[in-house]
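**Student:** If you scroll down you'll find the structure; I have some questions about it.
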Amino acid sequence: MIDPLYPARRLELMADGEEDFVAVDDDASMPPIPFKAADVAEIRPHWEPIARSLAEALGFDHGAWENSGSLRRIGSTQDPFGRVTPVLLFLPAGHLGDFNGLFRELSTQTESTVLFPTHRWFTAEMEALRIRNRLEFIDLADRIAQIAAHPATRVPLPVIAKPRPAGQPKVRAVIHAGNGLTWSQITIELAGNQTIRLTAPGQDGSHSFPKRQQLGPEHPLGILMTLAAQGEWRNPPLSSPDYDRVSKAFQRLQSLLRTLVPLPGKPFRKSDGTFVPLFQIRIHPKLLAPCPW
């Protein structure tokens, strides 16, 4: 809390008994200030409505990715080519250590767009970090002022083109993950010709696998076939010599699905050693024939 006698100083509020509180200074240079429970209220940002309002104003896909800290991922921005960039929001608590905490948290982030309340956080040190970690910084006060002055002109948030390792297939998002979309609203259909069709309310996309890949039970299509037929997936026991190979294949499928549909959370729920899809999966009627393996 703010010291009522010296507003530049912050005091720590601690419980005193079952209901009351005392405000104390870190260096114990002042006597504790007593407060009744009725006089105390925690003031903190309501992240969810703030994030939703920013997503609507700035034009990105909102999603509740994180629920702690002063720097949180609140959604994604996606260009027409399916390239997705995380959108982070920084809301400082108003403490002396806010900058150091922000720098420490941002040091672990790469290839993201970061929303700041104002440009006052854009120091030379922060700019060096931005360049090093391939980040984009947005001054919200300035961007919102631009929107207010020219409401018909919206500049989209930047999408960061990520370098692709040599030999890695090009995979991009086919579904926009905004407006409260969840995995339960996603349907995946095995459409034939080594292609899957992904649908969500008002959206429709597809992804085709390279024809040169050999199909089999651990190919993504093979795993999806098993999920459609059995409703779940189970890796071999840890003691099995096939465990490492099969579990890695399943992890690759999860990563693929999260790239195609960039939603918070995993697309599967683990229950008693099995993985149950949170999405709907079906096989196109023309493929309903005996499995070749």
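Following the order of the structure tokens, chains are lettered A, B, ..., residues in each are numbered from 1, and ligands are numbered from 1.
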For range 155-249 of chain A versus range 107-122 of chain A, which residues have an atom no more than 9 Å away, and what is each residue's nearest atom pair and distance in Å rounded to one decimal, using only C-alpha atoms, chain-then-number order, as a tab-separated table?
**Tutor:**
```
residue	atom	partner	partner_atom	distance
A:Leu157	CA	A:Thr113	CA	7.6
A:Pro158	CA	A:Thr113	CA	7.0
A:Val159	CA	A:Thr113	CA	7.8
A:Ile160	CA	A:Glu111	CA	6.1
A:Ala161	CA	A:Glu111	CA	8.2
A:Lys162	CA	A:Glu111	CA	7.3
```
**Student:** For the residues in that selection, give me N, CA and C atoms as a PDB file, in the first residue's frame.
**Tutor:**
```
ATOM      1  N   LEU A 157      -1.350  -5.526 -35.654  1.00  0.00           N
ATOM      2  CA  LEU A 157      -0.167  -5.805 -34.850  1.00  0.00           C
ATOM      3  C   LEU A 157       0.833  -6.599 -35.688  1.00  0.00           C
ATOM      4  N   PRO A 158       2.115  -6.390 -35.450  1.00  0.00           N
ATOM      5  CA  PRO A 158       3.122  -7.068 -36.274  1.00  0.00           C
ATOM      6  C   PRO A 158       3.135  -8.576 -36.044  1.00  0.00           C
ATOM      7  N   VAL A 159       3.375  -9.308 -37.108  1.00  0.00           N
ATOM      8  CA  VAL A 159       3.575 -10.752 -37.048  1.00  0.00           C
ATOM      9  C   VAL A 159       5.039 -11.005 -37.341  1.00  0.00           C
ATOM     10  N   ILE A 160       5.706 -11.743 -36.468  1.00  0.00           N
ATOM     11  CA  ILE A 160       7.141 -11.977 -36.593  1.00  0.00           C
ATOM     12  C   ILE A 160       7.365 -13.256 -37.378  1.00  0.00           C
ATOM     13  N   ALA A 161       8.049 -13.143 -38.493  1.00  0.00           N
ATOM     14  CA  ALA A 161       8.363 -14.317 -39.307  1.00  0.00           C
ATOM     15  C   ALA A 161       9.481 -15.100 -38.635  1.00  0.00           C
ATOM     16  N   LYS A 162       9.182 -16.324 -38.254  1.00  0.00           N
ATOM     17  CA  LYS A 162      10.153 -17.146 -37.531  1.00  0.00           C
ATOM     18  C   LYS A 162      11.005 -17.939 -38.515  1.00  0.00           C
TER      19      LYS A 162
END
```
**Student:** Near range 241-247 of chain A, within 10 Å and counting only C-alpha atoms, which residues show up once chain neighbours fewer than 6 positions away are dropped, as a ChimeraX atom specification?
**Tutor:** /A:217-219,223,234-235,253
**Student:** Which neighbours of range 60-64 of chain A fall inside 6 Å, counting only C-alpha atoms, when residues of the same chain fewer than 5 positions from it are skipped, and could you give them as a PyMOL selection string?
**Tutor:** chain A and resi 55+74-77+177-178
**Student:** Of the candidates A:Gly231, A:Glu12, A:Pro210, A:Ala57, which one gets nearest to Gln146 in chain A if we count only C-alpha atoms?
**Tutor:**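 Of A:Gly231, A:Glu12, A:Pro210, A:Ala57, the one nearest Gln146 in chain A, counting only C-alpha atoms, is A:Ala57.
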**Student:** Can you list, as a PyMOL selection string, all residues belonging to range 76-260 of chain A that DSSP tags as alpha helix (DSSP H)?
**Tutor:** chain A and resi 98-106+124-132+140-149+220-230+243-260
**Student:** Next, the residues of the selection above should be written as a PDB file, in the first residue's frame with C-alpha atoms.
**Tutor:**
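Writing done, so here's part_5.pdb:
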```pdb
ATOM      1  CA  ASP A  98       8.862  -3.375 -11.687  1.00  0.00           C
ATOM      2  CA  PHE A  99      11.500  -2.661 -14.332  1.00  0.00           C
ATOM      3  CA  ASN A 100      13.932  -5.305 -13.128  1.00  0.00           C
ATOM      4  CA  GLY A 101      11.117  -7.847 -12.872  1.00  0.00           C
ATOM      5  CA  LEU A 102       9.928  -6.985 -16.383  1.00  0.00           C
ATOM      6  CA  PHE A 103      13.434  -7.299 -17.816  1.00  0.00           C
ATOM      7  CA  ARG A 104      13.876 -10.680 -16.144  1.00  0.00           C
ATOM      8  CA  GLU A 105      10.550 -11.995 -17.491  1.00  0.00           C
ATOM      9  CA  LEU A 106      11.092 -10.618 -20.993  1.00  0.00           C
ATOM     10  CA  ALA A 124      18.191   1.557 -24.258  1.00  0.00           C
ATOM     11  CA  GLU A 125      18.602  -1.623 -22.227  1.00  0.00           C
ATOM     12  CA  MET A 126      15.094  -2.764 -23.133  1.00  0.00           C
ATOM     13  CA  GLU A 127      15.683  -1.949 -26.808  1.00  0.00           C
ATOM     14  CA  ALA A 128      18.776  -4.150 -26.844  1.00  0.00           C
ATOM     15  CA  LEU A 129      16.727  -6.982 -25.349  1.00  0.00           C
ATOM     16  CA  ARG A 130      14.015  -6.422 -27.956  1.00  0.00           C
ATOM     17  CA  ILE A 131      16.475  -6.807 -30.816  1.00  0.00           C
ATOM     18  CA  ARG A 132      18.239  -9.789 -29.254  1.00  0.00           C
ATOM     19  CA  LEU A 140      -0.691   1.278 -25.963  1.00  0.00           C
ATOM     20  CA  ALA A 141      -1.256   4.945 -25.110  1.00  0.00           C
ATOM     21  CA  ASP A 142       0.035   5.972 -28.526  1.00  0.00           C
ATOM     22  CA  ARG A 143      -1.737   3.180 -30.452  1.00  0.00           C
ATOM     23  CA  ILE A 144      -5.109   3.882 -28.788  1.00  0.00           C
ATOM     24  CA  ALA A 145      -4.699   7.614 -29.453  1.00  0.00           C
ATOM     25  CA  GLN A 146      -4.107   6.823 -33.143  1.00  0.00           C
ATOM     26  CA  ILE A 147      -7.241   4.670 -33.254  1.00  0.00           C
ATOM     27  CA  ALA A 148      -9.298   7.426 -31.598  1.00  0.00           C
ATOM     28  CA  ALA A 149      -8.017   9.978 -34.130  1.00  0.00           C
ATOM     29  CA  PRO A 220      -0.129 -38.379 -37.457  1.00  0.00           C
ATOM     30  CA  LEU A 221      -2.846 -39.746 -39.713  1.00  0.00           C
ATOM     31  CA  GLY A 222      -2.455 -43.190 -38.141  1.00  0.00           C
ATOM     32  CA  ILE A 223      -2.792 -41.746 -34.635  1.00  0.00           C
ATOM     33  CA  LEU A 224      -5.814 -39.692 -35.704  1.00  0.00           C
ATOM     34  CA  MET A 225      -7.352 -42.832 -37.224  1.00  0.00           C
ATOM     35  CA  THR A 226      -6.913 -44.618 -33.892  1.00  0.00           C
ATOM     36  CA  LEU A 227      -8.427 -41.675 -32.024  1.00  0.00           C
ATOM     37  CA  ALA A 228     -11.429 -41.635 -34.357  1.00  0.00           C
ATOM     38  CA  ALA A 229     -11.956 -45.383 -33.966  1.00  0.00           C
ATOM     39  CA  GLN A 230     -11.260 -45.778 -30.243  1.00  0.00           C
ATOM     40  CA  TYR A 243       7.731 -46.372 -25.709  1.00  0.00           C
ATOM     41  CA  ASP A 244      10.229 -43.686 -26.707  1.00  0.00           C
ATOM     42  CA  ARG A 245       9.436 -43.894 -30.427  1.00  0.00           C
ATOM     43  CA  VAL A 246       5.644 -43.956 -30.036  1.00  0.00           C
ATOM     44  CA  SER A 247       5.429 -41.299 -27.301  1.00  0.00           C
ATOM     45  CA  LYS A 248       7.577 -38.929 -29.381  1.00  0.00           C
ATOM     46  CA  ALA A 249       5.305 -39.510 -32.371  1.00  0.00           C
ATOM     47  CA  PHE A 250       2.284 -38.600 -30.237  1.00  0.00           C
ATOM     48  CA  GLN A 251       4.040 -35.466 -28.965  1.00  0.00           C
ATOM     49  CA  ARG A 252       4.711 -34.443 -32.565  1.00  0.00           C
ATOM     50  CA  LEU A 253       1.009 -34.787 -33.307  1.00  0.00           C
ATOM     51  CA  GLN A 254       0.142 -32.578 -30.323  1.00  0.00           C
ATOM     52  CA  SER A 255       2.628 -29.939 -31.498  1.00  0.00           C
ATOM     53  CA  LEU A 256       1.187 -30.080 -35.001  1.00  0.00           C
ATOM     54  CA  LEU A 257      -2.382 -29.608 -33.770  1.00  0.00           C
ATOM     55  CA  ARG A 258      -1.381 -26.683 -31.561  1.00  0.00           C
ATOM     56  CA  THR A 259       0.300 -25.051 -34.557  1.00  0.00           C
ATOM     57  CA  LEU A 260      -2.712 -25.552 -36.817  1.00  0.00           C
TER      58      LEU A 260
END
```
**Student:** In terms of the shortest atom-to-atom distance over only C-alpha atoms, which of A:Pro34, A:Gly273, A:Pro7, A:Gly192 is closest to Glu19 in chain A?
**Tutor:**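 Closest to Glu19 in chain A, using only C-alpha atoms: A:Pro34.
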**Student:** Counting only C-alpha atoms, which residue out of A:Pro45, A:Pro156, A:Gly59, A:Pro277 sits closest to Trp183 in chain A?
**Tutor:**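 For Trp183 in chain A, the nearest of the candidates is A:Pro277.
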**Student:** Could you please write out, as a ChimeraX atom specification, every residue of range 158-237 of chain A that DSSP assigns to strand (DSSP E)?
**Tutor:** /A:187-192,195-200,203-208
**Student:** Keeping all heavy atoms for every residue in the selection just given, could you write it to a file as a compact mmCIF listing (two decimals), in the first residue's frame?
**Tutor:**
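What landed in again.txt:
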```txt
# COMPACT_ATOMS: atom_id res chain seq x y z
N THR A 187 -13.41 -29.35 -34.79
CA THR A 187 -13.66 -30.67 -35.39
C THR A 187 -12.57 -30.97 -36.41
O THR A 187 -12.24 -30.11 -37.24
CB THR A 187 -15.03 -30.73 -36.08
OG1 THR A 187 -16.06 -30.54 -35.10
CG2 THR A 187 -15.24 -32.08 -36.76
N ILE A 188 -11.99 -32.16 -36.31
CA ILE A 188 -10.98 -32.61 -37.27
C ILE A 188 -11.56 -33.80 -38.03
O ILE A 188 -12.01 -34.78 -37.43
CB ILE A 188 -9.68 -33.00 -36.56
CG1 ILE A 188 -9.09 -31.78 -35.84
CG2 ILE A 188 -8.67 -33.57 -37.56
CD1 ILE A 188 -7.83 -32.09 -35.05
N GLU A 189 -11.54 -33.68 -39.35
CA GLU A 189 -12.05 -34.76 -40.20
C GLU A 189 -10.93 -35.29 -41.07
O GLU A 189 -10.22 -34.52 -41.72
CB GLU A 189 -13.19 -34.25 -41.08
CG GLU A 189 -13.78 -35.33 -41.99
CD GLU A 189 -14.84 -34.79 -42.91
OE1 GLU A 189 -14.47 -34.05 -43.86
OE2 GLU A 189 -16.02 -35.10 -42.69
N LEU A 190 -10.76 -36.61 -41.07
CA LEU A 190 -9.81 -37.24 -41.98
C LEU A 190 -10.48 -37.31 -43.33
O LEU A 190 -11.42 -38.09 -43.52
CB LEU A 190 -9.42 -38.62 -41.47
CG LEU A 190 -8.45 -38.62 -40.27
CD1 LEU A 190 -9.21 -38.36 -38.97
CD2 LEU A 190 -7.70 -39.92 -40.17
N ALA A 191 -9.99 -36.49 -44.26
CA ALA A 191 -10.70 -36.26 -45.50
C ALA A 191 -10.18 -37.07 -46.68
O ALA A 191 -10.73 -36.98 -47.78
CB ALA A 191 -10.66 -34.77 -45.86
N GLY A 192 -9.14 -37.87 -46.50
CA GLY A 192 -8.57 -38.62 -47.60
C GLY A 192 -7.47 -37.86 -48.30
O GLY A 192 -7.27 -36.65 -48.07
N THR A 195 -4.99 -35.74 -46.19
CA THR A 195 -5.40 -34.39 -45.81
C THR A 195 -6.37 -34.46 -44.65
O THR A 195 -7.21 -35.37 -44.58
CB THR A 195 -6.06 -33.66 -47.00
OG1 THR A 195 -5.10 -33.51 -48.04
CG2 THR A 195 -6.57 -32.28 -46.59
N ILE A 196 -6.26 -33.52 -43.73
CA ILE A 196 -7.24 -33.38 -42.67
C ILE A 196 -7.94 -32.04 -42.81
O ILE A 196 -7.34 -31.05 -43.23
CB ILE A 196 -6.62 -33.52 -41.25
CG1 ILE A 196 -5.51 -32.48 -41.03
CG2 ILE A 196 -6.11 -34.92 -41.01
CD1 ILE A 196 -4.95 -32.47 -39.62
N ARG A 197 -9.21 -32.02 -42.48
CA ARG A 197 -10.00 -30.80 -42.54
C ARG A 197 -10.29 -30.36 -41.11
O ARG A 197 -10.72 -31.18 -40.28
CB ARG A 197 -11.30 -31.04 -43.29
CG ARG A 197 -12.18 -29.81 -43.43
CD ARG A 197 -13.49 -30.17 -44.09
NE ARG A 197 -14.40 -29.03 -44.12
CZ ARG A 197 -15.71 -29.15 -44.14
NH1 ARG A 197 -16.28 -30.35 -44.14
NH2 ARG A 197 -16.48 -28.07 -44.17
N LEU A 198 -10.06 -29.09 -40.82
CA LEU A 198 -10.28 -28.55 -39.48
C LEU A 198 -11.37 -27.49 -39.56
O LEU A 198 -11.30 -26.58 -40.41
CB LEU A 198 -9.00 -27.94 -38.91
CG LEU A 198 -7.82 -28.92 -38.76
CD1 LEU A 198 -6.89 -28.81 -39.96
CD2 LEU A 198 -7.05 -28.65 -37.47
N THR A 199 -12.36 -27.60 -38.70
CA THR A 199 -13.45 -26.63 -38.70
C THR A 199 -13.69 -26.12 -37.28
O THR A 199 -13.44 -26.80 -36.29
CB THR A 199 -14.76 -27.24 -39.24
OG1 THR A 199 -15.12 -28.38 -38.45
CG2 THR A 199 -14.61 -27.66 -40.69
N ALA A 200 -14.16 -24.88 -37.22
CA ALA A 200 -14.58 -24.22 -35.98
C ALA A 200 -15.77 -23.36 -36.37
O ALA A 200 -16.04 -23.17 -37.56
CB ALA A 200 -13.44 -23.38 -35.40
N GLN A 203 -15.40 -21.06 -39.33
CA GLN A 203 -14.08 -21.22 -39.92
C GLN A 203 -13.92 -22.62 -40.51
O GLN A 203 -14.50 -23.58 -40.02
CB GLN A 203 -12.99 -21.00 -38.87
CG GLN A 203 -13.00 -19.63 -38.21
CD GLN A 203 -11.78 -19.43 -37.33
OE1 GLN A 203 -10.64 -19.38 -37.80
NE2 GLN A 203 -12.00 -19.31 -36.04
N ASP A 204 -13.08 -22.69 -41.54
CA ASP A 204 -12.85 -23.96 -42.22
C ASP A 204 -11.45 -23.91 -42.81
O ASP A 204 -11.10 -22.96 -43.50
CB ASP A 204 -13.89 -24.15 -43.32
CG ASP A 204 -13.91 -25.57 -43.87
OD1 ASP A 204 -12.85 -26.21 -43.86
OD2 ASP A 204 -14.98 -26.02 -44.31
N GLY A 205 -10.62 -24.92 -42.52
CA GLY A 205 -9.28 -24.97 -43.07
C GLY A 205 -8.84 -26.41 -43.28
O GLY A 205 -9.56 -27.35 -42.90
N SER A 206 -7.69 -26.59 -43.88
CA SER A 206 -7.20 -27.95 -44.12
C SER A 206 -5.69 -27.97 -44.05
O SER A 206 -5.01 -26.94 -44.15
CB SER A 206 -7.66 -28.45 -45.49
OG SER A 206 -7.10 -27.65 -46.52
N HIS A 207 -5.17 -29.18 -43.84
CA HIS A 207 -3.72 -29.39 -43.81
C HIS A 207 -3.42 -30.70 -44.51
O HIS A 207 -4.05 -31.73 -44.23
CB HIS A 207 -3.21 -29.45 -42.37
CG HIS A 207 -1.77 -29.86 -42.26
ND1 HIS A 207 -0.73 -29.01 -42.58
CD2 HIS A 207 -1.19 -31.03 -41.88
CE1 HIS A 207 0.41 -29.64 -42.39
NE2 HIS A 207 0.17 -30.86 -41.98
N SER A 208 -2.45 -30.67 -45.42
CA SER A 208 -2.06 -31.87 -46.16
C SER A 208 -0.67 -32.31 -45.75
O SER A 208 0.24 -31.47 -45.59
CB SER A 208 -2.09 -31.60 -47.68
OG SER A 208 -3.41 -31.31 -48.10
```
**Student:** Can you measure CA of Arg72 in chain A to CA of Pro86 in chain A for me? One decimal in Å is fine.
**Tutor:**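 So the two atoms, CA of Arg72 in chain A and CA of Pro86 in chain A, lie 10.1 Å apart.
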**Student:** Kindly give the distance, in Å, that separates CA of Arg154 in chain A and CA of Pro201 in chain A, rounded to a single decimal.
**Tutor:**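 Straight-line distance from CA of Arg154 in chain A to CA of Pro201 in chain A works out to 24.9 Å.
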**Student:** Of the candidates A:Ser29, A:Val87, A:Val155, A:Gln78, which shows the shortest atom-to-atom distance to Glu136 in chain A, using only C-alpha atoms?
**Tutor:**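 Closest to Glu136 in chain A of all the choices is A:Val87.
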**Student:** When you count only C-alpha atoms, which of these residues is closest to Asp139 in chain A: A:Phe209, A:Trp65, A:Trp233, A:Phe90?
**Tutor:** A:Phe90
**Student:** Quick one: of A:Met1, A:Ser184, A:Pro31, A:Pro49, who's nearest to Ala93 in chain A, counting only C-alpha atoms?
**Tutor:**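 Answer, going by the shortest atom-to-atom distance: A:Met1.
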**Student:** Please compute the CA of Asp79 in chain A-CA of Phe268 in chain A distance, one decimal, in Å.
**Tutor:**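 Distance between the two atoms: 26.4 Å.
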